[in-house]
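Asks: My structure is in protein27.cif, and what it holds is mmCIF, C-alpha atoms:
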data_input
loop_
_atom_site.group_PDB
_atom_site.id
_atom_site.type_symbol
_atom_site.label_atom_id
_atom_site.label_comp_id
_atom_site.auth_asym_id
_atom_site.auth_seq_id
_atom_site.Cartn_x
_atom_site.Cartn_y
_atom_site.Cartn_z
ATOM 1 C CA MET W 1 0.000 0.000 0.000
ATOM 2 C CA ALA W 2 2.997 2.309 -0.412
ATOM 3 C CA ARG W 3 1.343 4.438 -3.077
ATOM 4 C CA ALA W 4 -1.674 5.142 -0.896
ATOM 5 C CA ALA W 5 0.429 5.959 2.157
ATOM 6 C CA SER W 6 2.578 8.413 0.230
ATOM 7 C CA ARG W 7 -0.350 10.714 -0.504
ATOM 8 C CA ALA W 8 -0.810 12.119 2.974
ATOM 9 C CA SER W 9 -0.646 11.487 6.691
ATOM 10 C CA HIS W 10 -3.067 9.134 8.405
ATOM 11 C CA SER W 11 -6.648 10.165 9.025
ATOM 12 C CA PRO W 12 -8.054 10.671 12.524
ATOM 13 C CA PRO W 13 -9.422 7.578 14.289
ATOM 14 C CA ALA W 14 -12.837 6.479 13.085
ATOM 15 C CA SER W 15 -14.292 7.115 16.542
ATOM 16 C CA VAL W 16 -13.656 10.866 16.197
ATOM 17 C CA ARG W 17 -14.595 11.269 12.532
ATOM 18 C CA SER W 18 -17.549 13.461 11.737
ATOM 19 C CA ALA W 19 -20.254 12.202 9.413
ATOM 20 C CA HIS W 20 -18.779 14.500 6.770
ATOM 21 C CA ALA W 21 -15.342 12.915 7.136
ATOM 22 C CA ARG W 22 -16.350 9.279 6.756
ATOM 23 C CA PRO W 23 -14.257 7.507 4.109
ATOM 24 C CA ASN W 24 -15.686 7.525 0.592
ATOM 25 C CA PHE W 25 -15.191 4.750 -1.944
ATOM 26 C CA VAL W 26 -16.290 4.592 -5.570
ATOM 27 C CA VAL W 27 -17.399 1.095 -6.644
ATOM 28 C CA PHE W 28 -17.186 0.557 -10.398
ATOM 29 C CA GLY W 29 -16.870 -2.104 -13.090
ATOM 30 C CA GLU W 30 -18.806 -3.358 -16.076
ATOM 31 C CA MET W 31 -22.354 -4.615 -15.738
ATOM 32 C CA GLY W 32 -22.876 -7.987 -14.092
ATOM 33 C CA VAL W 33 -19.597 -8.261 -12.190
ATOM 34 C CA GLY W 34 -21.217 -8.063 -8.761
ATOM 35 C CA LYS W 35 -20.967 -4.427 -7.658
ATOM 36 C CA SER W 36 -24.316 -4.534 -5.867
ATOM 37 C CA SER W 37 -23.456 -7.872 -4.278
ATOM 38 C CA LEU W 38 -20.159 -6.416 -3.055
ATOM 39 C CA ILE W 39 -21.992 -3.544 -1.359
ATOM 40 C CA ASN W 40 -24.379 -6.014 0.278
ATOM 41 C CA LEU W 41 -21.425 -8.130 1.404
ATOM 42 C CA ILE W 42 -19.825 -5.104 3.056
ATOM 43 C CA ALA W 43 -23.092 -4.070 4.702
ATOM 44 C CA GLY W 44 -24.005 -7.578 5.807
ATOM 45 C CA GLU W 45 -27.522 -7.063 4.518
ATOM 46 C CA GLN W 46 -29.465 -6.380 1.331
ATOM 47 C CA ARG W 47 -28.886 -2.709 0.527
ATOM 48 C CA ALA W 48 -28.224 -2.517 -3.207
ATOM 49 C CA GLU W 49 -30.317 -3.946 -6.030
ATOM 50 C CA SER W 50 -28.745 -5.334 -9.188
ATOM 51 C CA SER W 51 -28.796 -3.077 -12.246
ATOM 52 C CA SER W 52 -31.590 -3.540 -14.760
ATOM 53 C CA GLY W 53 -29.031 -3.357 -17.535
ATOM 54 C CA THR W 54 -31.092 -0.949 -19.628
ATOM 55 C CA GLN W 55 -28.345 1.648 -20.064
ATOM 56 C CA SER W 56 -24.826 1.034 -21.299
ATOM 57 C CA CYS W 57 -22.970 4.108 -20.062
ATOM 58 C CA THR W 58 -24.775 6.429 -17.700
ATOM 59 C CA LEU W 59 -22.149 7.113 -15.015
ATOM 60 C CA GLU W 60 -25.170 7.282 -12.713
ATOM 61 C CA SER W 61 -24.210 6.677 -9.097
ATOM 62 C CA THR W 62 -26.033 5.738 -5.917
ATOM 63 C CA GLN W 63 -24.600 6.512 -2.495
ATOM 64 C CA TYR W 64 -24.898 3.964 0.299
ATOM 65 C CA GLN W 65 -24.066 4.922 3.871
ATOM 66 C CA ILE W 66 -22.714 1.825 5.581
ATOM 67 C CA ARG W 67 -22.852 1.917 9.373
ATOM 68 C CA LEU W 68 -21.519 -1.143 11.207
ATOM 69 C CA SER W 69 -20.689 -1.954 14.833
ATOM 70 C CA ASP W 70 -16.988 -1.358 14.079
ATOM 71 C CA PRO W 71 -16.703 2.454 13.657
ATOM 72 C CA GLN W 72 -13.741 1.958 11.309
ATOM 73 C CA LEU W 73 -16.232 0.498 8.840
ATOM 74 C CA ASP W 74 -18.527 3.515 8.786
ATOM 75 C CA VAL W 75 -18.063 4.318 5.105
ATOM 76 C CA ASN W 76 -19.849 5.824 2.139
ATOM 77 C CA LEU W 77 -19.992 3.688 -0.998
ATOM 78 C CA PHE W 78 -20.812 5.203 -4.389
ATOM 79 C CA ASP W 79 -22.147 2.446 -6.648
ATOM 80 C CA THR W 80 -21.446 3.733 -10.149
ATOM 81 C CA ALA W 81 -22.699 2.543 -13.513
ATOM 82 C CA GLY W 82 -19.779 2.352 -15.894
ATOM 83 C CA LEU W 83 -19.273 1.338 -19.502
ATOM 84 C CA ASP W 84 -20.777 -1.572 -21.382
ATOM 85 C CA SER W 85 -20.495 -0.132 -24.869
ATOM 86 C CA PRO W 86 -17.358 0.779 -26.849
ATOM 87 C CA THR W 87 -18.783 4.041 -28.219
ATOM 88 C CA MET W 88 -21.216 6.814 -27.343
ATOM 89 C CA ASN W 89 -23.396 9.162 -29.357
ATOM 90 C CA ASN W 90 -24.002 12.833 -28.728
ATOM 91 C CA THR W 91 -26.959 12.290 -26.373
ATOM 92 C CA SER W 92 -25.364 9.573 -24.264
ATOM 93 C CA TYR W 93 -22.166 11.630 -24.046
ATOM 94 C CA LEU W 94 -23.984 14.649 -22.618
ATOM 95 C CA ASP W 95 -26.060 12.444 -20.297
ATOM 96 C CA ALA W 96 -22.896 10.786 -19.010
ATOM 97 C CA LEU W 97 -21.306 14.171 -18.345
ATOM 98 C CA VAL W 98 -24.283 15.297 -16.260
ATOM 99 C CA LYS W 99 -23.997 12.161 -14.120
ATOM 100 C CA ALA W 100 -20.227 12.539 -13.887
ATOM 101 C CA HIS W 101 -20.674 16.095 -12.636
ATOM 102 C CA GLU W 102 -23.155 14.922 -9.992
ATOM 103 C CA LEU W 103 -20.717 12.255 -8.795
ATOM 104 C CA ILE W 104 -17.762 14.661 -8.661
ATOM 105 C CA VAL W 105 -19.771 17.256 -6.722
ATOM 106 C CA SER W 106 -20.997 14.563 -4.297
ATOM 107 C CA LEU W 107 -17.436 13.395 -3.635
ATOM 108 C CA LYS W 108 -16.329 16.994 -3.150
ATOM 109 C CA ASN W 109 -19.144 17.670 -0.681
ATOM 110 C CA GLN W 110 -18.357 14.470 1.227
ATOM 111 C CA GLY W 111 -14.730 15.482 1.721
ATOM 112 C CA GLY W 112 -12.920 13.649 -1.099
ATOM 113 C CA VAL W 113 -12.344 10.029 -2.020
ATOM 114 C CA HIS W 114 -10.247 7.383 -0.265
ATOM 115 C CA GLY W 115 -10.260 4.686 -2.888
ATOM 116 C CA LEU W 116 -11.641 3.107 -6.029
ATOM 117 C CA LEU W 117 -13.013 -0.428 -5.765
ATOM 118 C CA PHE W 118 -12.710 -1.965 -9.220
ATOM 119 C CA CYS W 119 -14.903 -5.074 -9.523
ATOM 120 C CA MET W 120 -14.319 -7.871 -11.985
ATOM 121 C CA LYS W 121 -15.377 -11.481 -12.261
ATOM 122 C CA GLY W 122 -12.661 -14.105 -12.181
ATOM 123 C CA GLY W 123 -11.728 -14.580 -15.834
ATOM 124 C CA ARG W 124 -9.879 -12.838 -18.636
ATOM 125 C CA VAL W 125 -9.560 -9.079 -19.024
ATOM 126 C CA SER W 126 -12.048 -7.688 -21.558
ATOM 127 C CA SER W 127 -11.757 -4.479 -23.557
ATOM 128 C CA THR W 128 -14.756 -3.090 -21.666
ATOM 129 C CA MET W 129 -13.003 -3.809 -18.385
ATOM 130 C CA GLN W 130 -9.952 -1.885 -19.606
ATOM 131 C CA GLN W 131 -12.185 1.002 -20.709
ATOM 132 C CA ASN W 132 -13.812 1.208 -17.281
ATOM 133 C CA TYR W 133 -10.396 1.210 -15.628
ATOM 134 C CA ARG W 134 -9.238 4.105 -17.795
ATOM 135 C CA LEU W 135 -12.514 5.999 -17.381
ATOM 136 C CA PHE W 136 -12.421 6.047 -13.585
ATOM 137 C CA TYR W 137 -8.766 5.699 -12.649
ATOM 138 C CA GLU W 138 -7.078 7.655 -15.429
ATOM 139 C CA PHE W 139 -9.734 10.084 -16.654
ATOM 140 C CA LEU W 140 -11.828 10.859 -13.581
ATOM 141 C CA CYS W 141 -9.259 10.530 -10.805
ATOM 142 C CA GLN W 142 -6.111 11.294 -12.823
ATOM 143 C CA GLU W 143 -4.330 8.282 -11.293
ATOM 144 C CA GLN W 144 -4.299 10.052 -7.917
ATOM 145 C CA VAL W 145 -6.734 7.821 -6.018
ATOM 146 C CA PRO W 146 -5.673 4.364 -4.738
ATOM 147 C CA LEU W 147 -7.284 1.581 -6.726
ATOM 148 C CA ALA W 148 -8.135 -1.811 -5.244
ATOM 149 C CA LEU W 149 -9.130 -4.744 -7.424
ATOM 150 C CA VAL W 150 -12.026 -6.870 -6.163
ATOM 151 C CA VAL W 151 -12.233 -10.212 -7.975
ATOM 152 C CA THR W 152 -15.620 -11.873 -7.489
ATOM 153 C CA ASN W 153 -17.274 -15.169 -8.460
ATOM 154 C CA LEU W 154 -14.476 -17.311 -7.020
ATOM 155 C CA GLU W 155 -16.553 -19.541 -4.732
ATOM 156 C CA ASN W 156 -15.667 -22.640 -6.758
ATOM 157 C CA GLU W 157 -11.907 -22.067 -6.670
ATOM 158 C CA ALA W 158 -9.893 -24.543 -4.597
ATOM 159 C CA ASP W 159 -8.108 -21.518 -3.103
ATOM 160 C CA MET W 160 -9.586 -18.104 -3.877
ATOM 161 C CA ASP W 161 -6.294 -16.264 -3.278
ATOM 162 C CA GLU W 162 -4.506 -18.587 -5.680
ATOM 163 C CA TRP W 163 -6.501 -17.009 -8.497
ATOM 164 C CA TRP W 164 -4.437 -13.832 -8.150
ATOM 165 C CA THR W 165 -1.171 -15.764 -8.151
ATOM 166 C CA ARG W 166 -2.137 -17.366 -11.465
ATOM 167 C CA ASN W 167 -3.553 -14.237 -13.106
ATOM 168 C CA LYS W 168 -1.499 -11.331 -11.716
ATOM 169 C CA ALA W 169 0.821 -11.142 -14.736
ATOM 170 C CA HIS W 170 -2.090 -11.153 -17.188
ATOM 171 C CA ILE W 171 -3.950 -8.412 -15.291
ATOM 172 C CA GLU W 172 -0.893 -6.173 -15.058
ATOM 173 C CA LYS W 173 0.056 -6.798 -18.697
ATOM 174 C CA SER W 174 -3.400 -5.463 -19.565
ATOM 175 C CA GLY W 175 -2.430 -2.173 -17.929
ATOM 176 C CA ILE W 176 -4.365 -2.691 -14.690
ATOM 177 C CA VAL W 177 -2.074 -2.336 -11.686
ATOM 178 C CA PRO W 178 -3.951 -2.146 -8.354
ATOM 179 C CA ILE W 179 -2.248 -1.232 -5.097
ATOM 180 C CA THR W 180 -4.056 -4.107 -3.416
ATOM 181 C CA GLN W 181 -6.539 -6.825 -4.322
ATOM 182 C CA VAL W 182 -8.982 -9.256 -2.739
ATOM 183 C CA CYS W 183 -10.234 -12.518 -4.250
ATOM 184 C CA ILE W 184 -13.711 -13.265 -2.936
ATOM 185 C CA THR W 185 -17.202 -14.607 -3.315
ATOM 186 C CA THR W 186 -20.287 -12.493 -2.640
ATOM 187 C CA ILE W 187 -22.739 -15.388 -2.351
ATOM 188 C CA LYS W 188 -23.492 -17.993 0.279
ATOM 189 C CA GLY W 189 -24.914 -20.404 -2.280
ATOM 190 C CA HIS W 190 -27.721 -22.956 -2.060
ATOM 191 C CA ASP W 191 -28.190 -24.184 1.505
ATOM 192 C CA ASN W 192 -25.316 -21.865 2.512
ATOM 193 C CA VAL W 193 -22.776 -24.179 0.917
ATOM 194 C CA HIS W 194 -20.344 -21.248 0.494
ATOM 195 C CA GLU W 195 -21.070 -19.559 3.830
ATOM 196 C CA LYS W 196 -17.550 -20.089 5.177
ATOM 197 C CA ARG W 197 -16.017 -18.488 2.105
ATOM 198 C CA TYR W 198 -18.598 -15.708 2.191
ATOM 199 C CA ASN W 199 -17.637 -14.818 5.761
ATOM 200 C CA GLU W 200 -13.947 -15.040 4.881
ATOM 201 C CA SER W 201 -14.570 -12.739 1.916
ATOM 202 C CA ARG W 202 -16.405 -10.193 4.052
ATOM 203 C CA LYS W 203 -13.504 -10.060 6.473
ATOM 204 C CA LYS W 204 -11.037 -9.572 3.613
ATOM 205 C CA VAL W 205 -13.000 -6.667 2.161
ATOM 206 C CA HIS W 206 -13.457 -5.026 5.579
ATOM 207 C CA ASN W 207 -9.718 -5.199 6.237
ATOM 208 C CA MET W 208 -9.016 -3.712 2.819
ATOM 209 C CA LEU W 209 -11.383 -0.790 3.484
ATOM 210 C CA LYS W 210 -9.738 -0.108 6.835
ATOM 211 C CA GLU W 211 -6.342 -0.009 5.192
ATOM 212 C CA LEU W 212 -7.445 2.314 2.405
ATOM 213 C CA ALA W 213 -9.262 4.575 4.887
ATOM 214 C CA SER W 214 -6.155 4.948 7.070
ATOM 215 C CA SER W 215 -4.824 7.672 4.760
ATOM 216 C CA GLU W 216 -6.382 11.042 4.105
ATOM 217 C CA ALA W 217 -8.859 11.417 1.273
ATOM 218 C CA CYS W 218 -7.758 12.586 -2.140
ATOM 219 C CA SER W 219 -9.214 16.057 -2.546
ATOM 220 C CA VAL W 220 -11.584 16.776 -5.408
ATOM 221 C CA ASP W 221 -11.207 19.834 -7.633
ATOM 222 C CA VAL W 222 -14.602 19.883 -9.333
ATOM 223 C CA GLY W 223 -13.543 22.133 -12.222
ATOM 224 C CA SER W 224 -10.408 20.264 -13.243
ATOM 225 C CA TRP W 225 -11.879 16.780 -12.666
ATOM 226 C CA PHE W 226 -14.948 17.592 -14.741
ATOM 227 C CA ALA W 227 -13.057 19.361 -17.529
ATOM 228 C CA ARG W 228 -10.717 16.403 -17.848
ATOM 229 C CA MET W 229 -13.638 13.967 -17.933
ATOM 230 C CA CYS W 230 -15.351 15.997 -20.672
ATOM 231 C CA LYS W 231 -12.253 15.962 -22.864
ATOM 232 C CA LYS W 232 -11.117 12.418 -22.258
ATOM 233 C CA LEU W 233 -14.541 10.822 -22.513
ATOM 234 C CA ARG W 234 -15.035 12.508 -25.868
ATOM 235 C CA GLU W 235 -11.594 11.516 -27.184
ATOM 236 C CA PHE W 236 -11.903 7.965 -25.951
ATOM 237 C CA LEU W 237 -15.464 6.920 -26.750
ATOM 238 C CA VAL W 238 -17.165 9.304 -29.159
ATOM 239 C CA PRO W 239 -16.585 8.705 -32.897
ATOM 240 C CA ALA W 240 -15.399 11.809 -34.718
ATOM 241 C CA LYS W 241 -18.690 12.087 -36.613
ATOM 242 C CA GLY W 242 -20.830 11.094 -33.673
ATOM 243 C CA LEU W 243 -20.568 14.277 -31.634
ATOM 244 C CA GLY W 244 -21.645 17.628 -32.912
ATOM 245 C CA ARG W 245 -19.117 20.235 -31.866
ATOM 246 C CA SER W 246 -21.817 22.531 -30.548
ATOM 247 C CA ARG W 247 -20.879 25.049 -27.900
ATOM 248 C CA GLN W 248 -24.579 25.885 -27.475
ATOM 249 C CA LYS W 249 -25.465 22.278 -26.548
ATOM 250 C CA MET W 250 -22.579 22.106 -24.102
ATOM 251 C CA MET W 251 -23.575 25.446 -22.568
ATOM 252 C CA GLN W 252 -27.171 24.267 -22.136
ATOM 253 C CA MET W 253 -26.003 21.047 -20.526
ATOM 254 C CA LEU W 254 -23.737 22.896 -18.092
ATOM 255 C CA THR W 255 -26.221 25.603 -17.123
ATOM 256 C CA LYS W 256 -29.528 23.709 -17.126
ATOM 257 C CA ARG W 257 -28.580 20.186 -16.171
ATOM 258 C CA CYS W 258 -25.387 20.752 -14.156
ATOM 259 C CA LYS W 259 -26.831 24.002 -12.767
ATOM 260 C CA LEU W 260 -23.709 26.109 -13.322
ATOM 261 C CA CYS W 261 -24.022 29.851 -13.738
ATOM 262 C CA LYS W 262 -23.237 31.130 -17.258
ATOM 263 C CA GLU W 263 -19.910 32.612 -16.200
ATOM 264 C CA ASP W 264 -18.697 29.361 -14.647
ATOM 265 C CA ALA W 265 -19.992 27.371 -17.623
ATOM 266 C CA ALA W 266 -18.142 29.634 -20.059
ATOM 267 C CA GLN W 267 -14.919 29.294 -18.072
ATOM 268 C CA LEU W 268 -15.303 25.530 -18.013
ATOM 269 C CA LEU W 269 -15.856 25.420 -21.775
ATOM 270 C CA GLN W 270 -12.655 27.379 -22.237
ATOM 271 C CA ARG W 271 -10.877 24.873 -20.041
ATOM 272 C CA ILE W 272 -12.302 21.963 -22.034
ATOM 273 C CA ASP W 273 -11.276 23.583 -25.310
ATOM 274 C CA SER W 274 -7.695 24.164 -24.162
ATOM 275 C CA ASP W 275 -5.179 21.597 -25.394
ATOM 276 C CA GLU W 276 -7.690 20.306 -27.956
ATOM 277 C CA ASP W 277 -6.762 19.902 -31.605
ATOM 278 C CA TYR W 278 -9.904 21.780 -32.534
ATOM 279 C CA ILE W 279 -12.165 24.431 -31.066
ATOM 280 C CA ILE W 280 -15.834 23.891 -30.362
ATOM 281 C CA THR W 281 -17.791 26.405 -32.434
#
What does the file become when written as structure tokens?
Replies:
Amino acid sequence: MARAASRASHSPPASVRSAHARPNFVVFGEMGVGKSSLINLIAGEQRAESSSGTQSCTLESTQYQIRLSDPQLDVNLFDTAGLDSPTMNNTSYLDALVKAHELIVSLKNQGGVHGLLFCMKGGRVSSTMQQNYRLFYEFLCQEQVPLALVVTNLENEADMDEWWTRNKAHIEKSGIVPITQVCITTIKGHDNVHEKRYNESRKKVHNMLKELASSEACSVDVGSWFARMCKKLREFLVPAKGLGRSRQKMMQMLTKRCKLCKEDAAQLLQRIDSDEDYIIT
């Protein structure tokens, strides 16, 4: 955890944290990897419902306040819908930006972010998985927030931790390099056949959250985070002909849907335009 520890000094003990200062974690990954089940595992009860799967890239997030008997596990989890499509059109791009802005503002108001929890099912790395990694770790958080890999669906492994030993090189070769990882199951199975592994998994995840929360939160600069997301999301996912370069549409999105004043929206558009190969007209 050296990279996480190098960011700042340790946070105050959980027993003296205010509600505002509770650790914040963003849970992300492609659809169907078990993000909701992970949140329920952490909470020890049914809190999150599985996604309906009707939208492929919304960046919509839901905050869950987890309050357990151990005060070190009083955390806020932001369950975030990521990518399940390799491209976006003009409408989905603007919709995604609105949701991204809401998430960034929420993290800012909650005092920053302590870690990213990147969920994947045990298996090979897909292109969509790599896209989600880049979207959240590189684009949104600018590689400044510690990223933990949570590998799910391992209840049938002879040794869940052995999965990482076998697959570490493949994961890292794909460009995904977490500072820590846990190999778990989020289900108890029929007649609780996997209950022992479920309880072991819950303990692993709790210990990981405590470790990540022991350092101060990464601060959130709403303007720079959002401007970077606007540029990078467009470069990465929107075909050149798929997005009209309309300053008016962007201004409407920023003022009406993100509720920025016109002056702030204009400044943000200037920031987005900077370092681009073209100017929005």
Asks: I need the residue set behind the PyMOL selection byres ((chain W and resi 145) around 10) for this file; please write it as a ChimeraX atom specification.
Replies: /W:3-4,7,25,112-116,136-138,140-144,146-148,217-219
Asks: I'd like the contact shell of Arg47 (chain W) - 9 Å cut-off, all atoms listed in the file, skipping same-chain residues fewer than 6 positions apart - returned as a list in words.
Replies: Ser36, Ser37, Ile39, Asn40 and Tyr64 of chain W
Asks: Using all atoms listed in the file, give me every residue within 12 Å of (-19.6, 2.1, 10.2) in file coordinates, as a list of chain:residue names.
Replies: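 Residues close enough to count: W:Ala14, W:Ser15, W:Arg17, W:Ser18, W:Ala19, W:Arg22, W:Pro23, W:Asn24, W:Ile42, W:Ala43, W:Gly44, W:Tyr64, W:Gln65, W:Ile66, W:Arg67, W:Leu68, W:Ser69, W:Asp70, W:Pro71, W:Gln72, W:Leu73, W:Asp74, W:Val75, W:Asn76, W:Leu77, W:His206, W:Leu209, W:Lys210, W:Ala213.
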Asks: Which one is closest to Cys119 (chain W): W:Ile184, W:Ala266, W:Leu254, W:Val98? Count all atoms listed in the file.
Replies: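 Smallest separation from Cys119 (chain W) among the options: W:Ile184.
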Asks: Which residues fall under the PyMOL selection byres ((chain W and resi 228-231) around 8) in this file, as a list in words?
Replies: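 For this structure, the PyMOL selection byres ((chain W and resi 228-231) around 8) resolves to Leu97, Ala100, Phe139, Leu140, Ser224, Trp225, Phe226, Ala227, Lys232, Leu233, Arg234, Glu235 and Ile272 of chain W.
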Asks: Do you have the CA of Gln131 (chain W)-CA of Gln63 (chain W) distance handy?
Replies: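 Computed distance, CA of Gln131 (chain W) to CA of Gln63 (chain W), equals 22.7 Å.
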Asks: What residues come out when you apply the PyMOL selection byres ((chain W and resi 174) around 12) to this file, written as an MDAnalysis selection string?
Replies: chainID W and resid 124:131 133:134 167:173 175:178
Asks: Just give me the residues with any atom within 8 Å of (-9.4, -9.0, -10.9), file coordinates, counting all atoms listed in the file, written as a PyMOL selection string.
Replies: chain W and resi 118-123+149-152+164+171+181+183
Asks: Measure the distance from CA of Val26 (chain W) to CA of Leu117 (chain W) in Å and round it to one decimal.
Replies: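 For CA of Val26 (chain W) relative to CA of Leu117 (chain W), the distance reads 6.0 Å.
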Asks: Counting all atoms listed in the file, which residue out of W:Leu107, W:Met31, W:Leu41, W:Met250 sits closest to Asn132 (chain W)?
Replies: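 Of W:Leu107, W:Met31, W:Leu41, W:Met250, the one nearest Asn132 (chain W), counting all atoms listed in the file, is W:Met31.
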Asks: CA of Leu59 (chain W) to CA of Ala96 (chain W): how many Å, to one decimal?
Replies: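 Calculated distance between CA of Leu59 (chain W) and CA of Ala96 (chain W) is 5.5 Å.
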